[in-house]
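> File model09.tsv below, TSV, C-alpha atoms and all ligand atoms:
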chain	number	residue	atom	x	y	z
A	1	MET	CA	-11.96	15.49	10.07
A	2	LYS	CA	-8.71	13.52	9.82
A	3	THR	CA	-8.79	9.88	10.88
A	4	ASN	CA	-6.12	8.28	12.98
A	5	LEU	CA	-5.39	5.11	11.07
A	6	LYS	CA	-2.12	3.59	12.26
A	7	ILE	CA	-0.51	3.05	8.90
A	8	THR	CA	2.85	1.34	8.53
A	9	PRO	CA	4.71	3.29	5.83
A	10	VAL	CA	4.90	1.48	2.49
A	11	ASN	CA	8.68	1.63	2.35
A	12	SER	CA	8.98	-0.51	5.48
A	13	TRP	CA	7.28	-3.54	3.89
A	14	LEU	CA	7.46	-3.03	0.15
A	15	ARG	CA	10.44	-4.68	-1.45
A	16	GLY	CA	12.45	-2.07	-3.27
A	17	ALA	CA	10.07	0.53	-1.84
A	18	GLU	CA	10.12	2.76	-4.88
A	19	ARG	CA	6.99	3.89	-6.60
A	20	PRO	CA	4.87	2.97	-8.38
A	21	LEU	CA	3.72	-0.15	-6.56
A	22	ILE	CA	2.40	-2.43	-9.31
A	23	ILE	CA	-0.05	-5.23	-8.65
A	24	SER	CA	-0.67	-7.24	-11.76
A	25	GLY	CA	-1.99	-10.61	-12.89
A	26	PRO	CA	-5.14	-12.19	-14.26
A	27	CYS	CA	-8.64	-11.28	-13.15
A	28	SER	CA	-9.12	-14.97	-12.25
A	29	ALA	CA	-6.83	-17.90	-11.63
A	30	GLU	CA	-7.95	-20.36	-14.33
A	31	SER	CA	-5.26	-23.03	-14.66
A	32	GLU	CA	-1.73	-23.79	-13.54
A	33	GLU	CA	-0.45	-23.09	-17.03
A	34	GLN	CA	-2.26	-19.74	-17.33
A	35	MET	CA	-0.98	-18.67	-13.89
A	36	LEU	CA	2.63	-19.62	-14.49
A	37	SER	CA	2.78	-18.25	-17.99
A	38	THR	CA	1.32	-14.89	-16.90
A	39	ALA	CA	3.48	-14.73	-13.78
A	40	ARG	CA	6.68	-15.44	-15.73
A	41	GLY	CA	5.83	-12.59	-18.09
A	42	ILE	CA	5.23	-10.23	-15.17
A	43	ALA	CA	8.35	-11.27	-13.25
A	44	ALA	CA	10.40	-10.63	-16.39
A	45	ILE	CA	9.21	-7.00	-16.39
A	46	ASP	CA	9.92	-6.37	-12.72
A	47	GLU	CA	10.22	-8.91	-9.93
A	48	LYS	CA	9.05	-6.35	-7.39
A	49	MET	CA	5.55	-6.38	-8.86
A	50	ILE	CA	2.89	-8.14	-6.80
A	51	PHE	CA	1.11	-10.97	-8.60
A	52	ARG	CA	-2.68	-10.83	-8.35
A	53	ALA	CA	-5.27	-13.46	-9.28
A	54	GLY	CA	-8.87	-13.95	-8.17
A	55	VAL	CA	-9.33	-17.34	-6.52
A	56	TRP	CA	-12.99	-16.81	-5.56
A	57	LYS	CA	-14.87	-14.59	-8.00
A	58	PRO	CA	-17.92	-12.59	-6.96
A	59	ARG	CA	-20.35	-12.94	-9.88
A	60	THR	CA	-23.64	-11.17	-10.35
A	61	ARG	CA	-25.51	-14.29	-11.44
A	62	PRO	CA	-24.85	-17.86	-10.32
A	63	GLY	CA	-23.53	-20.18	-12.96
A	64	ALA	CA	-20.90	-17.74	-14.29
A	65	PHE	CA	-17.25	-18.69	-13.66
A	66	GLU	CA	-16.85	-18.37	-9.89
A	67	GLY	CA	-13.14	-19.08	-9.60
A	68	MET	CA	-11.18	-22.27	-9.00
A	69	GLY	CA	-11.07	-22.00	-5.19
A	70	LEU	CA	-8.57	-24.08	-3.23
A	71	ARG	CA	-6.83	-25.52	-6.31
A	72	ALA	CA	-6.01	-21.98	-7.37
A	73	LEU	CA	-4.34	-21.30	-4.02
A	74	GLU	CA	-1.88	-24.10	-4.82
A	75	TRP	CA	-1.10	-22.38	-8.15
A	76	MET	CA	-0.47	-19.17	-6.23
A	77	GLN	CA	2.09	-21.01	-4.07
A	78	LEU	CA	3.68	-22.39	-7.22
A	79	VAL	CA	3.91	-18.90	-8.74
A	80	LYS	CA	5.61	-17.63	-5.60
A	81	ARG	CA	8.07	-20.54	-5.50
A	82	GLU	CA	8.94	-20.31	-9.15
A	83	THR	CA	9.05	-16.56	-9.76
A	84	GLY	CA	9.56	-15.12	-6.27
A	85	LEU	CA	6.69	-12.70	-6.83
A	86	LEU	CA	4.55	-11.77	-3.83
A	87	THR	CA	0.98	-13.01	-4.30
A	88	ALA	CA	-2.40	-11.33	-3.81
A	89	THR	CA	-6.01	-12.45	-3.95
A	90	GLU	CA	-9.52	-11.32	-3.02
A	91	VAL	CA	-11.18	-12.41	0.22
A	92	ALA	CA	-14.87	-11.99	0.99
A	93	ASN	CA	-15.31	-13.98	4.20
A	94	ALA	CA	-13.44	-15.50	7.16
A	95	THR	CA	-12.96	-18.87	5.45
A	96	HIS	CA	-11.23	-17.20	2.50
A	97	VAL	CA	-8.93	-15.39	4.94
A	98	GLU	CA	-8.05	-18.59	6.81
A	99	GLU	CA	-7.29	-20.49	3.59
A	100	CYS	CA	-5.11	-17.65	2.30
A	101	LEU	CA	-3.17	-17.40	5.55
A	102	ARG	CA	-2.68	-21.19	5.56
A	103	CYS	CA	-1.28	-21.00	2.02
A	104	GLY	CA	1.01	-18.04	2.70
A	105	ILE	CA	-0.70	-15.52	0.39
A	106	ASP	CA	1.11	-12.23	1.02
A	107	VAL	CA	-1.54	-9.66	0.15
A	108	LEU	CA	-5.31	-9.85	0.48
A	109	TRP	CA	-7.80	-7.49	-1.06
A	110	ILE	CA	-11.37	-6.69	-0.17
A	111	GLY	CA	-13.42	-6.28	-3.34
A	112	ALA	CA	-15.85	-3.49	-4.16
A	113	ARG	CA	-18.88	-5.73	-3.55
A	114	THR	CA	-17.60	-6.60	-0.06
A	115	THR	CA	-16.52	-3.12	1.05
A	116	VAL	CA	-20.20	-2.11	0.88
A	117	ASN	CA	-21.07	-4.60	3.62
A	118	PRO	CA	-19.86	-3.71	7.14
A	119	PHE	CA	-20.80	-7.20	8.44
A	120	SER	CA	-18.53	-8.89	5.89
A	121	VAL	CA	-15.72	-6.40	6.46
A	122	GLN	CA	-15.94	-6.95	10.22
A	123	GLU	CA	-15.84	-10.72	9.74
A	124	ILE	CA	-12.70	-10.37	7.60
A	125	ALA	CA	-11.11	-7.96	10.09
A	126	ASP	CA	-11.76	-10.39	12.96
A	127	ALA	CA	-10.24	-13.26	11.00
A	128	LEU	CA	-7.15	-11.14	10.31
A	129	ARG	CA	-6.58	-10.06	13.92
A	130	GLY	CA	-2.99	-10.69	15.01
A	131	THR	CA	-1.60	-11.21	11.49
A	132	GLU	CA	0.94	-9.14	9.59
A	133	VAL	CA	-0.67	-9.46	6.21
A	134	LEU	CA	-1.05	-6.49	3.84
A	135	VAL	CA	-4.67	-5.65	3.00
A	136	LEU	CA	-5.95	-3.63	0.06
A	137	VAL	CA	-9.41	-2.13	0.38
A	138	LYS	CA	-11.17	-1.37	-2.87
A	139	ASN	CA	-13.69	1.45	-2.93
A	140	PRO	CA	-17.31	0.32	-2.53
A	141	VAL	CA	-19.39	-0.11	-5.70
A	142	ASN	CA	-21.42	3.02	-4.86
A	143	PRO	CA	-19.79	6.42	-4.32
A	144	ASP	CA	-19.88	6.51	-0.52
A	145	LEU	CA	-16.66	7.69	1.07
A	146	GLN	CA	-17.90	6.79	4.56
A	147	LEU	CA	-18.25	3.10	3.61
A	148	TRP	CA	-14.73	3.05	2.19
A	149	LEU	CA	-13.36	4.79	5.26
A	150	GLY	CA	-15.42	2.58	7.58
A	151	ALA	CA	-13.93	-0.58	6.07
A	152	LEU	CA	-10.40	0.80	6.54
A	153	GLU	CA	-11.21	1.71	10.14
A	154	ARG	CA	-12.55	-1.78	10.91
A	155	LEU	CA	-9.25	-3.28	9.75
A	156	ASP	CA	-7.29	-0.66	11.64
A	157	ARG	CA	-9.15	-1.51	14.84
A	158	ALA	CA	-8.31	-5.18	14.32
A	159	GLY	CA	-4.65	-4.15	14.38
A	160	ILE	CA	-4.02	-4.38	10.62
A	161	ASN	CA	-1.79	-1.46	9.73
A	162	LYS	CA	-0.34	-2.46	6.40
A	163	LEU	CA	-3.28	-0.95	4.59
A	164	VAL	CA	-3.70	0.36	1.06
A	165	ALA	CA	-6.84	1.87	-0.50
A	166	VAL	CA	-7.68	1.05	-4.12
A	167	HIS	CA	-9.66	3.39	-6.35
A	168	ARG	CA	-11.43	1.14	-8.88
A	169	GLY	CA	-14.19	3.52	-9.92
A	170	PHE	CA	-17.90	3.63	-9.07
A	171	HIS	CA	-21.03	2.20	-10.58
A	172	SER	CA	-23.30	4.66	-12.39
A	173	ASN	CA	-26.26	4.42	-14.74
A	174	GLU	CA	-25.13	7.55	-16.58
A	175	PRO	CA	-23.72	6.96	-20.09
A	176	SER	CA	-19.94	6.88	-19.78
A	177	PRO	CA	-16.89	5.61	-21.65
A	178	PHE	CA	-15.90	3.87	-18.40
A	179	ARG	CA	-17.14	0.64	-16.85
A	180	ASN	CA	-16.86	2.25	-13.41
A	181	ILE	CA	-16.63	6.03	-13.27
A	182	PRO	CA	-13.47	7.37	-11.64
A	183	ARG	CA	-14.15	9.87	-8.88
A	184	TRP	CA	-10.80	11.49	-8.40
A	185	GLU	CA	-12.21	14.06	-6.00
A	186	MET	CA	-13.28	11.26	-3.65
A	187	ALA	CA	-9.88	9.61	-3.83
A	188	ILE	CA	-8.26	12.97	-3.08
A	189	GLU	CA	-10.60	13.50	-0.13
A	190	LEU	CA	-9.64	10.10	1.26
A	191	ARG	CA	-6.00	11.09	0.84
A	192	MET	CA	-6.60	14.29	2.82
A	193	LEU	CA	-8.45	12.41	5.56
A	194	CYS	CA	-5.81	9.66	5.83
A	195	PRO	CA	-2.54	11.33	4.79
A	196	ASP	CA	-0.39	8.27	5.51
A	197	LEU	CA	-2.60	5.79	3.69
A	198	PRO	CA	-1.17	4.67	0.34
A	199	LEU	CA	-3.65	4.93	-2.51
A	200	VAL	CA	-3.50	2.74	-5.60
A	201	CYS	CA	-5.58	3.04	-8.77
A	202	ASP	CA	-7.13	0.10	-10.64
A	203	PRO	CA	-7.45	1.32	-14.25
A	204	SER	CA	-8.65	-2.11	-15.43
A	205	HIS	CA	-11.91	-2.02	-13.50
A	206	ILE	CA	-12.36	1.70	-14.14
A	207	CYS	CA	-11.99	1.32	-17.91
A	208	GLY	CA	-13.49	-2.09	-18.64
A	209	ASN	CA	-11.42	-2.13	-21.85
A	210	THR	CA	-7.73	-1.95	-22.63
A	211	GLU	CA	-7.84	1.22	-24.77
A	212	LEU	CA	-8.38	3.70	-21.95
A	213	ILE	CA	-5.97	2.08	-19.47
A	214	PRO	CA	-2.87	4.19	-20.38
A	215	TYR	CA	-4.84	7.42	-19.94
A	216	ILE	CA	-6.26	6.45	-16.53
A	217	ALA	CA	-2.95	4.98	-15.33
A	218	GLN	CA	-1.08	8.19	-16.20
A	219	LYS	CA	-3.77	10.36	-14.65
A	220	ALA	CA	-3.54	8.34	-11.39
A	221	LEU	CA	0.24	8.77	-11.25
A	222	ASP	CA	-0.10	12.48	-12.00
A	223	LEU	CA	-2.44	12.70	-9.01
A	224	ASP	CA	0.42	11.26	-6.94
A	225	MET	CA	-1.17	7.87	-6.35
A	226	HIS	CA	1.20	5.25	-5.01
A	227	GLY	CA	0.66	2.60	-7.62
A	228	LEU	CA	-1.55	0.69	-10.02
A	229	MET	CA	-3.45	-2.57	-10.06
A	230	ILE	CA	-3.61	-3.77	-13.66
A	231	GLU	CA	-5.13	-7.01	-14.88
A	232	THR	CA	-2.77	-9.01	-17.07
A	233	HIS	CA	-3.41	-12.37	-18.76
A	234	CYS	CA	-1.20	-14.49	-21.02
A	235	MET	CA	-4.16	-14.84	-23.44
A	236	PRO	CA	-6.75	-12.13	-22.66
A	237	ALA	CA	-9.18	-13.15	-25.40
A	238	ALA	CA	-9.57	-16.57	-23.75
A	239	ALA	CA	-10.00	-15.21	-20.21
A	240	LYS	CA	-12.93	-16.59	-18.24
A	241	SER	CA	-13.68	-13.20	-16.66
A	242	ASP	CA	-13.05	-9.58	-17.65
A	243	ALA	CA	-11.55	-10.59	-21.02
A	244	ARG	CA	-11.87	-7.10	-22.55
A	245	GLN	CA	-9.86	-5.29	-19.91
A	246	GLN	CA	-6.77	-7.50	-19.52
A	247	LEU	CA	-3.38	-6.67	-21.01
A	248	THR	CA	-0.82	-9.20	-22.13
A	249	PRO	CA	2.48	-9.11	-20.20
A	250	LYS	CA	4.00	-7.53	-23.33
A	251	GLN	CA	1.39	-4.76	-23.34
A	252	LEU	CA	1.99	-4.26	-19.61
A	253	SER	CA	5.69	-3.89	-20.25
A	254	GLU	CA	5.03	-1.31	-23.01
A	255	LEU	CA	2.67	0.59	-20.72
A	256	MET	CA	5.27	0.67	-17.94
A	257	GLN	CA	7.80	2.14	-20.35
A	258	ARG	CA	5.38	4.80	-21.55
A	259	LEU	CA	4.19	5.99	-18.16
A	260	VAL	CA	5.80	9.22	-17.05
A	261	LEU	CA	6.77	9.23	-13.36
A	262	ARG	CA	6.63	12.69	-11.92
A	263	LYS	CA	7.97	13.40	-8.47
A	264	GLU	CA	5.92	15.07	-5.77
A	265	LYS	CA	8.76	17.12	-4.31
A	266	VAL	CA	10.66	19.69	-6.31
A	267	ARG	CA	14.41	19.26	-5.98
A	268	GLY	CA	17.21	21.77	-6.45
A	269	GLU	CA	17.37	25.35	-5.18
A	270	ALA	CA	16.69	27.02	-8.53
A	271	GLN	CA	13.56	24.91	-9.13
A	272	VAL	CA	12.29	25.45	-5.59
A	273	ASN	CA	12.70	29.21	-6.00
A	274	GLU	CA	11.02	29.27	-9.40
A	275	LEU	CA	8.01	27.34	-8.09
A	276	GLU	CA	7.80	29.64	-5.09
A	277	ARG	CA	7.81	32.68	-7.41
A	278	LEU	CA	5.01	31.19	-9.53
A	279	ARG	CA	3.01	30.36	-6.41
A	280	LYS	CA	3.30	33.96	-5.23
A	281	ASP	CA	1.29	34.99	-8.32
A	282	VAL	CA	-1.41	32.50	-7.36
A	283	ASP	CA	-1.40	33.75	-3.76
A	284	ALA	CA	-1.73	37.37	-4.91
A	285	ALA	CA	-4.56	36.49	-7.30
A	286	ASP	CA	-6.34	34.59	-4.50
A	287	GLU	CA	-6.02	37.58	-2.23
A	288	GLU	CA	-7.71	39.77	-4.89
A	289	LEU	CA	-10.32	37.10	-5.47
A	290	MET	CA	-11.25	37.08	-1.77
A	291	GLN	CA	-11.57	40.89	-1.78
A	292	VAL	CA	-13.78	40.74	-4.86
A	293	LEU	CA	-15.92	38.03	-3.25
A	294	LEU	CA	-16.32	40.14	-0.15
A	295	ARG	CA	-17.32	43.15	-2.29
A	296	ARG	CA	-19.86	41.04	-4.19
A	297	MET	CA	-21.38	39.69	-0.98
A	298	CYS	CA	-21.69	43.19	0.52
A	299	ALA	CA	-23.49	44.35	-2.64
A	300	VAL	CA	-25.78	41.30	-2.45
A	301	GLU	CA	-26.61	42.11	1.15
A	302	LYS	CA	-27.63	45.65	0.20
A	303	ILE	CA	-29.86	44.26	-2.55
A	304	GLY	CA	-31.36	41.89	0.05
A	305	GLU	CA	-32.23	44.86	2.27
A	306	PHE	CA	-33.80	46.68	-0.69
A	307	LYS	CA	-35.89	43.61	-1.61
A	308	ARG	CA	-36.98	43.21	1.99
A	309	ASP	CA	-37.98	46.85	2.39
A	310	ASN	CA	-39.83	46.88	-0.93
A	311	LYS	CA	-41.41	43.42	-0.50
A	312	VAL	CA	-39.80	42.05	-3.66
A	313	THR	CA	-39.00	38.32	-4.10
A	314	ILE	CA	-35.42	37.19	-3.64
A	315	LEU	CA	-35.30	35.21	-6.88
A	316	GLN	CA	-35.53	37.44	-9.92
A	317	LYS	CA	-35.55	34.89	-12.72
A	318	ASP	CA	-35.10	37.28	-15.68
A	319	ARG	CA	-32.23	39.09	-14.00
A	320	TRP	CA	-30.48	35.80	-13.20
A	321	GLU	CA	-30.86	34.55	-16.79
A	322	GLU	CA	-29.39	37.83	-18.02
A	323	VAL	CA	-26.46	37.61	-15.57
A	324	ILE	CA	-25.61	34.02	-16.40
A	325	SER	CA	-25.81	34.54	-20.17
A	326	GLU	CA	-23.68	37.69	-20.04
A	327	ARG	CA	-21.03	36.05	-17.76
A	328	MET	CA	-20.87	32.95	-19.98
A	329	ASN	CA	-20.29	35.13	-23.03
A	330	ASN	CA	-17.51	36.90	-21.20
A	331	ALA	CA	-15.97	33.62	-20.11
A	332	LEU	CA	-15.93	32.48	-23.73
A	333	LEU	CA	-14.29	35.71	-24.92
A	334	MET	CA	-11.68	35.47	-22.15
A	335	GLY	CA	-10.82	31.88	-23.00
A	336	LEU	CA	-12.02	30.55	-19.66
A	337	GLU	CA	-13.58	27.10	-19.41
A	338	VAL	CA	-17.30	27.97	-19.80
A	339	GLU	CA	-18.57	24.90	-17.92
A	340	PHE	CA	-16.31	25.74	-14.98
A	341	VAL	CA	-17.48	29.38	-14.88
A	342	LYS	CA	-21.09	28.19	-15.06
A	343	ARG	CA	-20.57	25.94	-12.00
A	344	LEU	CA	-18.84	28.77	-10.18
A	345	TYR	CA	-21.75	31.15	-10.87
A	346	ASP	CA	-24.28	28.54	-9.76
A	347	LEU	CA	-22.41	28.37	-6.45
A	348	LEU	CA	-22.28	32.15	-6.17
A	349	HIS	CA	-25.98	32.47	-6.93
A	350	HIS	CA	-26.78	29.85	-4.33
A	351	GLU	CA	-24.77	31.74	-1.73
A	352	SER	CA	-26.33	35.09	-2.74
A	353	ILE	CA	-29.82	33.65	-2.23
A	354	ARG	CA	-28.79	32.25	1.16
A	355	LYS	CA	-27.41	35.63	2.16
A	356	GLN	CA	-30.57	37.48	1.09
A	357	GLU	CA	-32.71	34.95	2.97
A	358	ALA	CA	-30.68	35.71	6.08
A	359	VAL	CA	-31.36	39.44	5.55
A	360	MET	CA	-35.13	38.81	5.14
A	361	ASN	CA	-35.30	36.57	8.21
A	362	ALA	CA	-33.42	39.10	10.34
A	363	GLU	CA	-36.29	41.54	9.76
B	401	LIG	C1	-11.09	-7.87	-9.32
B	401	LIG	O1	-10.12	-7.18	-8.94
B	401	LIG	O2	-10.99	-8.81	-10.12
B	401	LIG	C2	-12.44	-7.48	-8.87
B	401	LIG	C3	-13.45	-8.32	-8.87
B	401	LIG	O3	-12.47	-6.20	-8.52
B	401	LIG	P1	-13.63	-5.25	-7.97
B	401	LIG	O4	-13.96	-5.73	-6.60
B	401	LIG	O5	-12.95	-3.93	-8.01
B	401	LIG	O6	-14.80	-5.34	-8.93
B	402	MN	MN	-11.55	-8.47	-12.76
Please express what this file holds, its structure, as structure tokens.
Ligand code: PEP
Ligand code: MN

Amino acid sequence: MKTNLKITPVNSWLRGAERPLIISGPCSAESEEQMLSTARGIAAIDEKMIFRAGVWKPRTRPGAFEGMGLRALEWMQLVKRETGLLTATEVANATHVEECLRCGIDVLWIGARTTVNPFSVQEIADALRGTEVLVLVKNPVNPDLQLWLGALERLDRAGINKLVAVHRGFHSNEPSPFRNIPRWEMAIELRMLCPDLPLVCDPSHICGNTELIPYIAQKALDLDMHGLMIETHCMPAAAKSDARQQLTPKQLSELMQRLVLRKEKVRGEAQVNELERLRKDVDAADEELMQVLLRRMCAVEKIGEFKRDNKVTILQKDRWEEVISERMNNALLMGLEVEFVKRLYDLLHHESIRKQEAVMNAE
């Protein structure tokens, strides 16, 4: 079901308005020198980028670097005065919001550890009521689309309509090359539910290292995301938090040059026609696919009736093993992605069992 978030289109508040929207800066604000040096490097790449820095840092254990607090807000003001960059920081409670508003911070973000908590999100939304500030909502730590959506809706109900969602990946105990596993399908689902909501990707927190950032950044742009949040530090190795995942401004500049920007809309009559012709092939294949599915389901139903009349179990393990092994072999010979075909057959088998159960129960 679509939601009715009242989103103000990005191009009405974003300076320059063109994509991608880049939010970049250190994980944490550490010193005036670190902030200014990083911000100058970023402004030199593109002054339309938004400068980010964590002022209050949510840390798993007490005693780790928890941010510089109010002093860091003064450095944010300095960055804005000196470079003209818009500034962004993370807020986790009403006091953070009030301090940021007092200091003229342009963009606030709700971190992954806060999005999971509706009480905290509501407190932030209430503190923001009546303001014009832009709010980014990171996905919750755990893969729960409803929590992410719920946080956006709480802000929407408080009258905040300059909203952006940030996909920063999800915690998992599975072995993975990523610090937080990207779940593109969830980001796409959010996009379908809230078509006007801009969606930004945070490759830094997805990757947890600098090596994979170009791959994730490009993938996000290819999925038509509106922009990227990328951690950048003048001296990453000396960073007090997330040292392994921060780029230098020079590396950020190189990355920006390497990223390929593809447009969503096809332009030009010849190209539009060519794409339409190619899509007709897909439409025709889908039509055949639906007919084949229908034929398969009718055959399954007949088998269900036979099993019912002859008091035979629905699941026939040996037959299913035979089917799956034969279909996988075929997939391999045909050059189809075997894993994909396996998942497809699992789905088909599931549906066939459901159908045969319906036949049995209709007895
Ligand atoms: C951050 O952006 O520095 C941060 C703490 O992000 P997240 O909430 O995505 O972990
Ligand atoms: Mn960080």
> Tell me, as JSON, numbers by chain, which residues lie within 10 Å of Arg52 (chain A), counting all atoms listed in the file; anything in the same chain fewer than 5 positions away does not count.
{"A": [22, 23, 24, 25, 26, 27, 28, 29, 35, 39, 76, 85, 86, 87, 88, 89, 90, 107, 108, 109, 229, 230, 231, 232]}
> Using all atoms listed in the file, can you tell me which of A:Ala158, A:Met334, A:Ile213, A:Ala94 comes closest to Pro177 (chain A)?
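When distances to Pro177 (chain A) are compared using all atoms listed in the file, the smallest one comes from A:Ile213.
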> If I take CA of Ala165 (chain A) and CA of Thr115 (chain A), how far is one from the other in Å, to one decimal?
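Atom-to-atom, CA of Ala165 (chain A) to CA of Thr115 (chain A), that is 11.0 Å.
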> Within 12 Å of Val260 (chain A), counting all atoms listed in the file, which residues qualify if same-chain residues fewer than 6 places away don't, as a tab-separated table (two decimals) with C-alpha atoms, keeping the file's coordinate frame?

chain	number	residue	atom	x	y	z
A	19	ARG	CA	6.99	3.89	-6.60
A	20	PRO	CA	4.87	2.97	-8.38
A	214	PRO	CA	-2.87	4.19	-20.38
A	215	TYR	CA	-4.84	7.42	-19.94
A	217	ALA	CA	-2.95	4.98	-15.33
A	218	GLN	CA	-1.08	8.19	-16.20
A	219	LYS	CA	-3.77	10.36	-14.65
A	220	ALA	CA	-3.54	8.34	-11.39
A	221	LEU	CA	0.24	8.77	-11.25
A	222	ASP	CA	-0.10	12.48	-12.00
A	224	ASP	CA	0.42	11.26	-6.94
> Find the residue from A:Ala237, A:Ala285, A:Ile303, A:Ala243 that sits nearest to ligand MN 402 (chain B); use all atoms listed in the file when measuring.
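Closest residue, counting all atoms listed in the file: A:Ala243.
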> Can you tell me how far CA of Ala53 (chain A) sits from CA of Gly169 (chain A), in Å to one decimal?
19.2 Å
> Would you place a box with edges along x, y and z of the file around all atoms of ligand LIG 401 (chain B) listed there, add 3 Å to each of its six sides, and report the centre and edge lengths in Å to one decimal, as JSON?

{"center_x": -12.5, "center_y": -6.4, "center_z": -8.4, "size_x": 10.7, "size_y": 10.9, "size_z": 9.5}
